$ cat protein00.txt   # compact mmCIF, C-alpha atoms (C1' of nucleotides)
# COMPACT_ATOMS: atom_id res chain seq x y z
CA MET A 1471 0.00 0.00 0.00
CA ALA A 1472 2.78 2.29 -1.09
CA TYR A 1473 3.76 5.01 1.34
CA SER A 1474 0.44 4.82 3.07
CA LYS A 1475 -1.18 6.60 5.96
CA ALA A 1476 -3.18 3.59 7.01
CA GLU A 1477 -2.63 4.26 10.71
CA GLU A 1478 -4.92 7.25 10.55
CA PHE A 1479 -8.01 5.22 9.73
CA SER A 1480 -10.24 2.98 11.81
CA GLU A 1481 -9.40 -0.62 12.54
CA GLN A 1482 -12.42 -1.71 10.58
CA GLU A 1483 -11.45 0.31 7.52
CA ILE A 1484 -7.92 -1.03 7.63
CA ALA A 1485 -9.07 -4.63 8.03
CA MET A 1486 -11.48 -4.28 5.18
CA ALA A 1487 -8.92 -2.67 2.91
CA ARG A 1488 -6.61 -5.58 3.67
CA PHE A 1489 -9.21 -8.09 2.53
CA ALA A 1490 -9.98 -6.04 -0.56
CA LYS A 1491 -6.33 -5.77 -1.47
CA ALA A 1492 -5.94 -9.51 -1.11
CA ILE A 1493 -8.60 -10.13 -3.73
CA ALA A 1494 -7.63 -7.19 -5.93
CA HIS A 1495 -6.05 -9.37 -8.58
CA PRO A 1496 -7.70 -11.67 -11.12
CA ALA A 1497 -5.31 -14.49 -10.30
CA ARG A 1498 -6.18 -14.40 -6.63
CA ILE A 1499 -9.88 -14.33 -7.40
CA ALA A 1500 -9.40 -17.30 -9.69
CA ILE A 1501 -7.62 -19.11 -6.87
CA LEU A 1502 -10.40 -18.37 -4.39
CA LYS A 1503 -13.00 -19.52 -6.90
CA MET A 1504 -11.20 -22.81 -7.43
CA LEU A 1505 -10.86 -23.38 -3.72
CA ALA A 1506 -14.54 -22.59 -3.21
CA ARG A 1507 -15.63 -24.98 -5.93
CA ARG A 1508 -13.94 -28.06 -4.53
CA ASN A 1509 -14.27 -28.73 -0.86
CA THR A 1510 -11.21 -30.92 -1.12
CA CYS A 1511 -8.06 -28.83 -1.17
CA ILE A 1512 -5.75 -28.52 -4.11
CA CYS A 1513 -2.20 -27.38 -4.64
CA ASN A 1514 -0.19 -27.96 -7.80
CA ASP A 1515 -3.46 -27.94 -9.75
CA LEU A 1516 -3.55 -24.19 -9.25
CA VAL A 1517 -0.19 -23.72 -10.94
CA GLU A 1518 -1.36 -25.75 -13.92
CA ALA A 1519 -4.68 -23.94 -14.13
CA LEU A 1520 -3.26 -20.42 -14.06
CA PRO A 1521 -1.36 -18.68 -16.86
CA LEU A 1522 1.47 -17.77 -14.52
CA ALA A 1523 4.83 -19.16 -13.51
CA GLN A 1524 5.01 -21.41 -10.46
CA SER A 1525 6.87 -18.84 -8.44
CA THR A 1526 4.26 -16.20 -9.21
CA VAL A 1527 1.40 -18.44 -8.16
CA SER A 1528 3.26 -19.22 -4.97
CA GLN A 1529 3.52 -15.51 -4.30
CA HIS A 1530 -0.20 -14.98 -4.82
CA LEU A 1531 -0.94 -17.86 -2.48
CA ALA A 1532 1.32 -16.30 0.13
CA GLU A 1533 -0.60 -13.05 -0.14
CA LEU A 1534 -3.94 -14.74 0.33
CA LYS A 1535 -2.49 -16.63 3.26
CA SER A 1536 -1.09 -13.52 4.91
CA ALA A 1537 -4.52 -11.91 4.57
CA GLY A 1538 -5.91 -14.93 6.37
CA LEU A 1539 -8.30 -15.90 3.59
CA ILE A 1540 -6.71 -19.28 2.95
CA ARG A 1541 -4.72 -21.81 4.90
CA GLY A 1542 -2.09 -24.25 3.67
CA GLU A 1543 -1.39 -27.62 5.15
CA ILE A 1544 1.64 -29.66 4.28
CA ASP A 1545 0.69 -33.06 2.98
CA GLY A 1546 3.76 -35.07 2.15
CA PRO A 1547 5.69 -33.41 -0.66
CA ARG A 1548 2.83 -31.07 -1.52
CA VAL A 1549 0.74 -28.40 0.14
CA CYS A 1550 -3.01 -28.38 0.27
CA TYR A 1551 -4.73 -25.02 0.37
CA CYS A 1552 -8.25 -24.35 1.48
CA LEU A 1553 -10.40 -21.36 2.30
CA ASP A 1554 -10.43 -20.11 5.84
CA GLU A 1555 -14.11 -20.22 6.58
CA LYS A 1556 -14.02 -17.68 9.38
CA ALA A 1557 -12.05 -15.05 7.48
CA CYS A 1558 -14.15 -15.46 4.35
CA ARG A 1559 -17.31 -14.99 6.34
CA GLU A 1560 -15.84 -11.92 7.97
CA ALA A 1561 -14.89 -10.48 4.59
CA ARG A 1562 -18.39 -11.14 3.31
CA VAL A 1563 -19.95 -9.34 6.24
CA PHE A 1564 -17.67 -6.36 5.65
CA PHE A 1565 -18.64 -6.05 2.01
CA ASP A 1566 -22.29 -6.61 2.76
CA LYS A 1567 -22.26 -3.86 5.32
CA LEU A 1568 -20.47 -1.46 3.00
CA PHE A 1569 -22.72 -2.02 0.02
CA GLY A 1570 -25.84 -3.00 1.89
CA THR A 1571 -27.34 0.42 2.52
CA ILE A 1572 -27.10 2.29 -0.71
CA LYS A 1573 -28.83 5.57 -1.10
CA CYS A 1574 -28.09 7.74 -4.05
CA CYS A 1575 -28.68 11.45 -4.40
CA MET B 541 -1.96 -3.66 -11.21
CA ALA B 542 1.72 -3.45 -11.94
CA TYR B 543 2.94 -5.30 -15.02
CA SER B 544 -0.09 -7.51 -14.95
CA LYS B 545 -1.34 -10.37 -17.04
CA ALA B 546 -4.96 -9.45 -16.48
CA GLU B 547 -5.90 -10.23 -20.07
CA GLU B 548 -5.46 -13.93 -19.43
CA PHE B 549 -8.30 -14.12 -16.93
CA SER B 550 -12.07 -14.14 -17.33
CA GLU B 551 -14.08 -10.98 -17.72
CA GLN B 552 -15.77 -11.66 -14.43
CA GLU B 553 -12.49 -12.09 -12.59
CA ILE B 554 -11.10 -8.90 -14.07
CA ALA B 555 -14.22 -6.90 -13.26
CA MET B 556 -14.25 -8.16 -9.71
CA ALA B 557 -10.56 -7.45 -9.21
CA ARG B 558 -11.20 -3.92 -10.43
CA PHE B 559 -13.90 -3.39 -7.81
CA ALA B 560 -11.70 -4.91 -5.12
CA LYS B 561 -8.76 -2.74 -6.07
CA ALA B 562 -10.96 0.33 -5.92
CA ILE B 563 -11.83 -0.36 -2.30
CA ALA B 564 -8.38 -1.66 -1.33
CA HIS B 565 -7.47 1.45 0.61
CA PRO B 566 -8.77 2.67 3.96
CA ALA B 567 -9.35 6.18 2.63
CA ARG B 568 -11.55 4.93 -0.19
CA ILE B 569 -13.52 2.75 2.18
CA ALA B 570 -13.98 5.75 4.47
CA ILE B 571 -15.24 7.73 1.49
CA LEU B 572 -17.72 5.04 0.49
CA LYS B 573 -18.95 4.78 4.06
CA MET B 574 -19.53 8.51 4.25
CA LEU B 575 -21.39 8.52 0.96
CA ALA B 576 -23.50 5.58 2.09
CA ARG B 577 -24.42 7.25 5.37
CA ARG B 578 -25.85 10.42 3.87
CA ASN B 579 -28.15 10.11 0.92
CA THR B 580 -27.37 13.71 0.11
CA CYS B 581 -24.06 14.03 -1.66
CA ILE B 582 -21.04 15.69 -0.21
CA CYS B 583 -17.81 17.04 -1.60
CA ASN B 584 -15.43 19.29 0.33
CA ASP B 585 -16.62 17.61 3.53
CA LEU B 586 -14.63 14.56 2.50
CA VAL B 587 -11.41 16.53 2.36
CA GLU B 588 -12.04 17.90 5.84
CA ALA B 589 -12.96 14.52 7.24
CA LEU B 590 -9.94 12.66 5.94
CA PRO B 591 -6.36 12.96 7.21
CA LEU B 592 -5.05 13.58 3.72
CA ALA B 593 -4.20 16.49 1.50
CA GLN B 594 -6.86 17.82 -0.83
CA SER B 595 -5.02 16.60 -3.90
CA THR B 596 -4.73 13.12 -2.46
CA VAL B 597 -8.44 12.94 -1.68
CA SER B 598 -9.17 14.11 -5.19
CA GLN B 599 -7.03 11.27 -6.51
CA HIS B 600 -8.87 8.69 -4.41
CA LEU B 601 -12.18 10.07 -5.65
CA ALA B 602 -10.98 9.78 -9.22
CA GLU B 603 -10.11 6.14 -8.65
CA LEU B 604 -13.52 5.34 -7.22
CA LYS B 605 -15.08 7.17 -10.12
CA SER B 606 -13.06 5.33 -12.73
CA ALA B 607 -14.11 2.06 -11.11
CA GLY B 608 -17.69 3.24 -11.53
CA LEU B 609 -18.54 3.02 -7.83
CA ILE B 610 -19.27 6.72 -7.46
CA ARG B 611 -20.46 9.55 -9.64
CA GLY B 612 -19.69 13.22 -9.39
CA GLU B 613 -21.95 16.02 -10.43
CA ILE B 614 -20.81 19.58 -10.75
CA ASP B 615 -22.87 21.93 -8.62
CA GLY B 616 -21.64 25.47 -8.94
CA PRO B 617 -18.08 25.78 -7.74
CA ARG B 618 -18.19 22.39 -6.02
CA VAL B 619 -18.72 18.78 -6.95
CA CYS B 620 -21.20 16.46 -5.32
CA TYR B 621 -20.31 12.82 -5.17
CA CYS B 622 -22.68 9.96 -4.62
CA LEU B 623 -22.62 6.20 -4.83
CA ASP B 624 -23.51 4.60 -8.11
CA GLU B 625 -26.29 2.31 -7.02
CA LYS B 626 -25.99 -0.08 -9.93
CA ALA B 627 -22.24 -0.59 -9.62
CA CYS B 628 -22.41 -1.01 -5.86
CA ARG B 629 -25.07 -3.65 -6.21
CA GLU B 630 -23.00 -5.41 -8.84
CA ALA B 631 -19.95 -5.36 -6.57
CA ARG B 632 -22.01 -6.74 -3.72
CA VAL B 633 -23.28 -9.60 -5.85
CA PHE B 634 -19.72 -10.42 -6.91
CA PHE B 635 -18.47 -10.61 -3.35
CA ASP B 636 -21.50 -12.54 -2.20
CA LYS B 637 -21.00 -15.10 -4.92
CA LEU B 638 -17.32 -15.47 -4.15
CA PHE B 639 -17.69 -15.89 -0.41
CA GLY B 640 -21.18 -17.34 -0.42
CA THR B 641 -20.38 -21.00 -0.85
CA ILE B 642 -17.58 -21.77 1.51
CA LYS B 643 -16.52 -25.32 2.07
CA CYS B 644 -13.35 -26.02 3.90
CA CYS B 645 -11.32 -29.23 3.80
C1' DG C 464 -12.65 42.81 -13.24
C1' DA C 465 -10.37 41.18 -8.83
C1' DT C 466 -10.76 37.91 -5.11
C1' DA C 467 -11.93 33.86 -2.62
C1' DA C 468 -13.32 29.10 -2.54
C1' DT C 469 -13.49 24.53 -4.50
C1' DT C 470 -11.72 20.97 -7.22
C1' DA C 471 -8.64 18.74 -10.67
C1' DT C 472 -4.21 17.99 -12.58
C1' DC C 473 0.92 18.01 -12.95
C1' DG C 474 5.32 16.83 -11.34
C1' DT C 475 7.89 14.26 -8.27
C1' DA C 476 9.61 11.15 -4.52
C1' DT C 477 9.07 6.85 -2.41
C1' DA C 478 7.00 2.35 -1.61
C1' DT C 479 4.64 -1.57 -3.24
C1' DT C 480 3.10 -4.91 -6.69
C1' DT C 481 3.70 -8.09 -10.35
C1' DG C 482 6.24 -11.18 -12.81
C1' DC C 483 9.99 -14.27 -13.97
C1' DG C 484 14.07 -17.26 -13.69
C1' DA C 485 17.22 -19.28 -10.64
C1' DT C 486 17.93 -21.48 -6.63
C1' DA C 487 16.92 -23.58 -2.18
C1' DT C 488 14.21 -26.93 0.49
C1' DA C 489 11.67 -30.96 1.50
C1' DA C 490 9.70 -35.42 0.70
C1' DG C 491 8.93 -39.50 -1.93
C1' DA C 492 10.62 -42.86 -5.37
C1' DT C 493 14.27 -45.55 -7.58
C1' DA D 1218 22.62 -42.12 -2.00
C1' DT D 1219 20.44 -40.09 -6.11
C1' DC D 1220 16.77 -38.41 -8.68
C1' DT D 1221 12.27 -36.51 -9.30
C1' DT D 1222 8.49 -33.70 -7.89
C1' DA D 1223 6.37 -29.94 -5.41
C1' DT D 1224 6.80 -25.69 -3.19
C1' DA D 1225 8.96 -21.55 -1.31
C1' DT D 1226 12.23 -17.91 -1.51
C1' DC D 1227 15.70 -14.69 -3.54
C1' DG D 1228 17.03 -11.24 -6.68
C1' DC D 1229 15.87 -8.48 -10.14
C1' DA D 1230 13.22 -5.37 -13.64
C1' DA D 1231 9.23 -2.93 -14.84
C1' DA D 1232 4.80 -1.02 -13.68
C1' DT D 1233 1.55 1.04 -10.20
C1' DA D 1234 0.14 3.19 -6.09
C1' DT D 1235 0.38 6.72 -2.54
C1' DA D 1236 1.25 11.10 -1.02
C1' DC D 1237 2.29 15.93 -1.27
C1' DG D 1238 2.92 20.75 -2.88
C1' DA D 1239 2.30 23.74 -6.63
C1' DT D 1240 -0.51 25.18 -10.05
C1' DA D 1241 -4.43 25.40 -13.21
C1' DA D 1242 -9.38 25.74 -13.93
C1' DT D 1243 -13.95 26.95 -12.56
C1' DT D 1244 -17.47 29.53 -10.38
C1' DA D 1245 -19.41 32.81 -6.71
C1' DT D 1246 -18.96 37.03 -4.54
C1' DC D 1247 -17.52 41.61 -3.89
$ encode --input "protein00.txt" --output "structure tokens"
Amino acid sequence: MAYSKAEEFSEQEIAMARFAKAIAHPARIAILKMLARRNTCICNDLVEALPLAQSTVSQHLAELKSAGLIRGEIDGPRVCYCLDEKACREARVFFDKLFGTIKCC
Amino acid sequence: MAYSKAEEFSEQEIAMARFAKAIAHPARIAILKMLARRNTCICNDLVEALPLAQSTVSQHLAELKSAGLIRGEIDGPRVCYCLDEKACREARVFFDKLFGTIKCC
DNA sequence: GATAATTATCGTATATTTGCGATATAAGAT
DNA sequence: ATCTTATATCGCAAATATACGATAATTATC
């Protein structure tokens, strides 16, 4: 968030911006969609499904993880990712609240 | 979206990432919240309410506008901003769909 | 017509994001 | 022990984002 003054805003605004930033890229949305579709976790499948290098996908996964939206569990030589139910619900509530009461001039 | 490969993703993913990016900053969330609270539009009030320079607020407003989430109407020497109902509803549907069906492993 | 108020834009500095290849790390298979 | 596979991390280059002050542009007001 380049040179940002995030400290000056409310906790809620900062938390919400963090979630939004995490999903502010088509690749990360594609990842979340794939994880939502299958309840069983995947891993290398994501790399094959996305038009990006392995290292880039790994970076996107790390960002989603650091935002708390997904979790990764080591399973032998691979890693299984899945949505973090609690965080996703929290994000949904945030967005609902923001866009829920719309009144235009 | 720095050096991005956005073209390779679906229209829906790109559109959703655009909305997410627009709200991926505490200041822009604060702006949307203020606009949602009052159905009458505001303008210079935003500058006074935010801990940012006038030019910076103007930039944030331009970003929200280019994402389609708000509209600005010139009213004499000032500009009144308000939420774009249609776009906000669309954004809400996107987020609901993404986080609606959560199944964890 | 000059002045004040409001907003947008320009220029610039700094930080972050995105992407990739190369390399490290870890675990299973031969 | 070596090789293969899967994943993460490092280092780099290029593009964006954030913020500000200075300045333009617009409109009321005097």
$ closest_residue --input "protein00.txt" --among "C:DT477, C:DT466, C:DT486, C:DA492" --to "DT1219 in chain D" --atoms "all atoms listed in the file"
C:DA492
$ closest_atom_pairs --input "protein00.txt" --of "chain A" --to "chain C" --cutoff "12 Å" --atoms "only C-alpha atoms (C1' of nucleotides)" --output "CSV"
residue,atom,partner,partner_atom,distance
A:Met1471,CA,C:DT479,C1',5.9
A:Ala1472,CA,C:DA478,C1',4.3
A:Tyr1473,CA,C:DA478,C1',5.1
A:Ser1474,CA,C:DA478,C1',8.4
A:Lys1475,CA,C:DA478,C1',11.9
A:Lys1491,CA,C:DT480,C1',10.8
A:Ala1492,CA,C:DT480,C1',11.6
A:Ala1494,CA,C:DT480,C1',11.0
A:His1495,CA,C:DT481,C1',10.0
A:Pro1496,CA,C:DT481,C1',12.0
A:Ala1497,CA,C:DT481,C1',11.1
A:Pro1521,CA,C:DG482,C1',11.4
A:Leu1522,CA,C:DG482,C1',8.3
A:Ala1523,CA,C:DC483,C1',7.1
A:Gln1524,CA,C:DC483,C1',9.4
A:Ser1525,CA,C:DC483,C1',7.8
A:Thr1526,CA,C:DG482,C1',6.5
A:Val1527,CA,C:DG482,C1',9.9
A:Ser1528,CA,C:DG482,C1',11.6
A:Gln1529,CA,C:DT481,C1',9.6
A:His1530,CA,C:DT481,C1',9.7
A:Glu1533,CA,C:DT480,C1',11.1
A:Ile1544,CA,C:DA489,C1',10.5
A:Asp1545,CA,C:DA490,C1',9.6
A:Gly1546,CA,C:DA490,C1',6.1
A:Pro1547,CA,C:DA490,C1',4.7
A:Arg1548,CA,C:DA490,C1',8.4
A:Val1549,CA,C:DA489,C1',11.3
$ closest_residue --input "protein00.txt" --among "B:Val633, B:Met574, B:Ala607, B:Cys622" --to "Ala560 in chain B" --atoms "all atoms listed in the file"
B:Ala607
$ interface_residues --input "protein00.txt" --of "chain A" --to "chain B" --cutoff "9 Å" --atoms "all atoms listed in the file" --output "PyMOL selection string"
chain A and resi 1471+1474-1476+1478-1480+1482-1500+1502-1503+1505-1511+1520-1522+1551-1555+1558-1559+1561-1562+1565-1566+1568-1575
$ axis_aligned_box --input "protein00.txt" --around "range 477-489 of chain C" --padding-each-side "4 Å" --output "lines of an AutoDock Vina configuration file"
center_x = 10.5
center_y = -12.1
center_z = -6.2
size_x = 22.8
size_y = 45.8
size_z = 23.5
$ atom_distance --input "protein00.txt" --atom1 "CA of Asp585 in chain B" --atom2 "C1' of DA1242 in chain D"
20.6 Å
$ atom_distance --input "protein00.txt" --atom1 "C1' of DC1229 in chain D" --atom2 "CA of Glu1518 in chain A"
24.7 Å
$ interface_residues --input "protein00.txt" --of "chain D" --to "chain A" --cutoff "9 Å" --atoms "only C-alpha atoms (C1' of nucleotides)" --output "ChimeraX atom specification"
/D:1222-1226,1234-1236
$ atom_distance --input "protein00.txt" --atom1 "C1' of DT1233 in chain D" --atom2 "CA of Leu1531 in chain A"
20.6 Å
$ decode --input "protein00.txt" --residues "range 1531-1560 of chain A" --atoms "N, CA and C atoms" --output "short mmCIF file (atom, residue, chain, number, x, y, z; two decimals), in the first residue's frame"
data_model
loop_
_atom_site.label_atom_id
_atom_site.label_comp_id
_atom_site.auth_asym_id
_atom_site.auth_seq_id
_atom_site.Cartn_x
_atom_site.Cartn_y
_atom_site.Cartn_z
N LEU A 1531 -0.45 -17.04 -3.58
CA LEU A 1531 -0.94 -17.86 -2.48
C LEU A 1531 -0.46 -17.30 -1.14
N ALA A 1532 0.78 -16.87 -1.10
CA ALA A 1532 1.32 -16.30 0.13
C ALA A 1532 0.56 -15.05 0.54
N GLU A 1533 0.15 -14.27 -0.45
CA GLU A 1533 -0.60 -13.05 -0.14
C GLU A 1533 -1.97 -13.37 0.43
N LEU A 1534 -2.63 -14.33 -0.18
CA LEU A 1534 -3.94 -14.74 0.33
C LEU A 1534 -3.81 -15.31 1.73
N LYS A 1535 -2.72 -16.02 1.95
CA LYS A 1535 -2.49 -16.63 3.26
C LYS A 1535 -2.22 -15.55 4.30
N SER A 1536 -1.42 -14.56 3.93
CA SER A 1536 -1.09 -13.52 4.91
C SER A 1536 -2.31 -12.65 5.22
N ALA A 1537 -3.26 -12.61 4.29
CA ALA A 1537 -4.52 -11.91 4.57
C ALA A 1537 -5.46 -12.77 5.39
N GLY A 1538 -5.11 -14.04 5.55
CA GLY A 1538 -5.91 -14.93 6.37
C GLY A 1538 -7.03 -15.63 5.63
N LEU A 1539 -7.16 -15.35 4.33
CA LEU A 1539 -8.30 -15.90 3.59
C LEU A 1539 -8.14 -17.38 3.27
N ILE A 1540 -6.91 -17.85 3.20
CA ILE A 1540 -6.71 -19.28 2.95
C ILE A 1540 -5.70 -19.83 3.96
N ARG A 1541 -5.70 -21.14 4.06
CA ARG A 1541 -4.72 -21.81 4.90
C ARG A 1541 -4.05 -22.90 4.08
N GLY A 1542 -2.79 -23.19 4.39
CA GLY A 1542 -2.09 -24.25 3.67
C GLY A 1542 -1.61 -25.30 4.65
N GLU A 1543 -1.86 -26.55 4.29
CA GLU A 1543 -1.39 -27.62 5.15
C GLU A 1543 -0.47 -28.54 4.37
N ILE A 1544 0.67 -28.80 4.95
CA ILE A 1544 1.64 -29.66 4.28
C ILE A 1544 1.15 -31.09 4.30
N ASP A 1545 1.18 -31.70 3.13
CA ASP A 1545 0.69 -33.06 2.98
C ASP A 1545 1.72 -33.82 2.16
N GLY A 1546 2.68 -34.38 2.84
CA GLY A 1546 3.76 -35.07 2.15
C GLY A 1546 4.60 -34.05 1.39
N PRO A 1547 4.84 -34.32 0.11
CA PRO A 1547 5.69 -33.41 -0.66
C PRO A 1547 4.91 -32.21 -1.17
N ARG A 1548 3.61 -32.19 -0.98
CA ARG A 1548 2.83 -31.07 -1.52
C ARG A 1548 2.11 -30.31 -0.41
N VAL A 1549 1.48 -29.22 -0.82
CA VAL A 1549 0.74 -28.40 0.14
C VAL A 1549 -0.70 -28.26 -0.32
N CYS A 1550 -1.59 -28.51 0.59
CA CYS A 1550 -3.01 -28.38 0.27
C CYS A 1550 -3.55 -27.07 0.82
N TYR A 1551 -4.16 -26.29 -0.06
CA TYR A 1551 -4.73 -25.02 0.37
C TYR A 1551 -6.23 -25.13 0.46
N CYS A 1552 -6.79 -24.42 1.40
CA CYS A 1552 -8.25 -24.35 1.48
C CYS A 1552 -8.64 -22.99 2.04
N LEU A 1553 -9.89 -22.63 1.79
CA LEU A 1553 -10.40 -21.36 2.30
C LEU A 1553 -10.47 -21.38 3.82
N ASP A 1554 -10.22 -20.25 4.41
CA ASP A 1554 -10.43 -20.11 5.84
C ASP A 1554 -11.86 -19.60 6.04
N GLU A 1555 -12.67 -20.49 6.50
CA GLU A 1555 -14.11 -20.22 6.58
C GLU A 1555 -14.41 -18.94 7.36
N LYS A 1556 -13.76 -18.82 8.49
CA LYS A 1556 -14.02 -17.68 9.38
C LYS A 1556 -13.67 -16.35 8.70
N ALA A 1557 -12.49 -16.30 8.11
CA ALA A 1557 -12.05 -15.05 7.48
C ALA A 1557 -12.93 -14.71 6.28
N CYS A 1558 -13.30 -15.71 5.52
CA CYS A 1558 -14.15 -15.46 4.35
C CYS A 1558 -15.51 -14.92 4.77
N ARG A 1559 -16.03 -15.47 5.86
CA ARG A 1559 -17.31 -14.99 6.34
C ARG A 1559 -17.17 -13.54 6.81
N GLU A 1560 -16.08 -13.28 7.49
CA GLU A 1560 -15.84 -11.92 7.97
C GLU A 1560 -15.76 -10.93 6.81
#
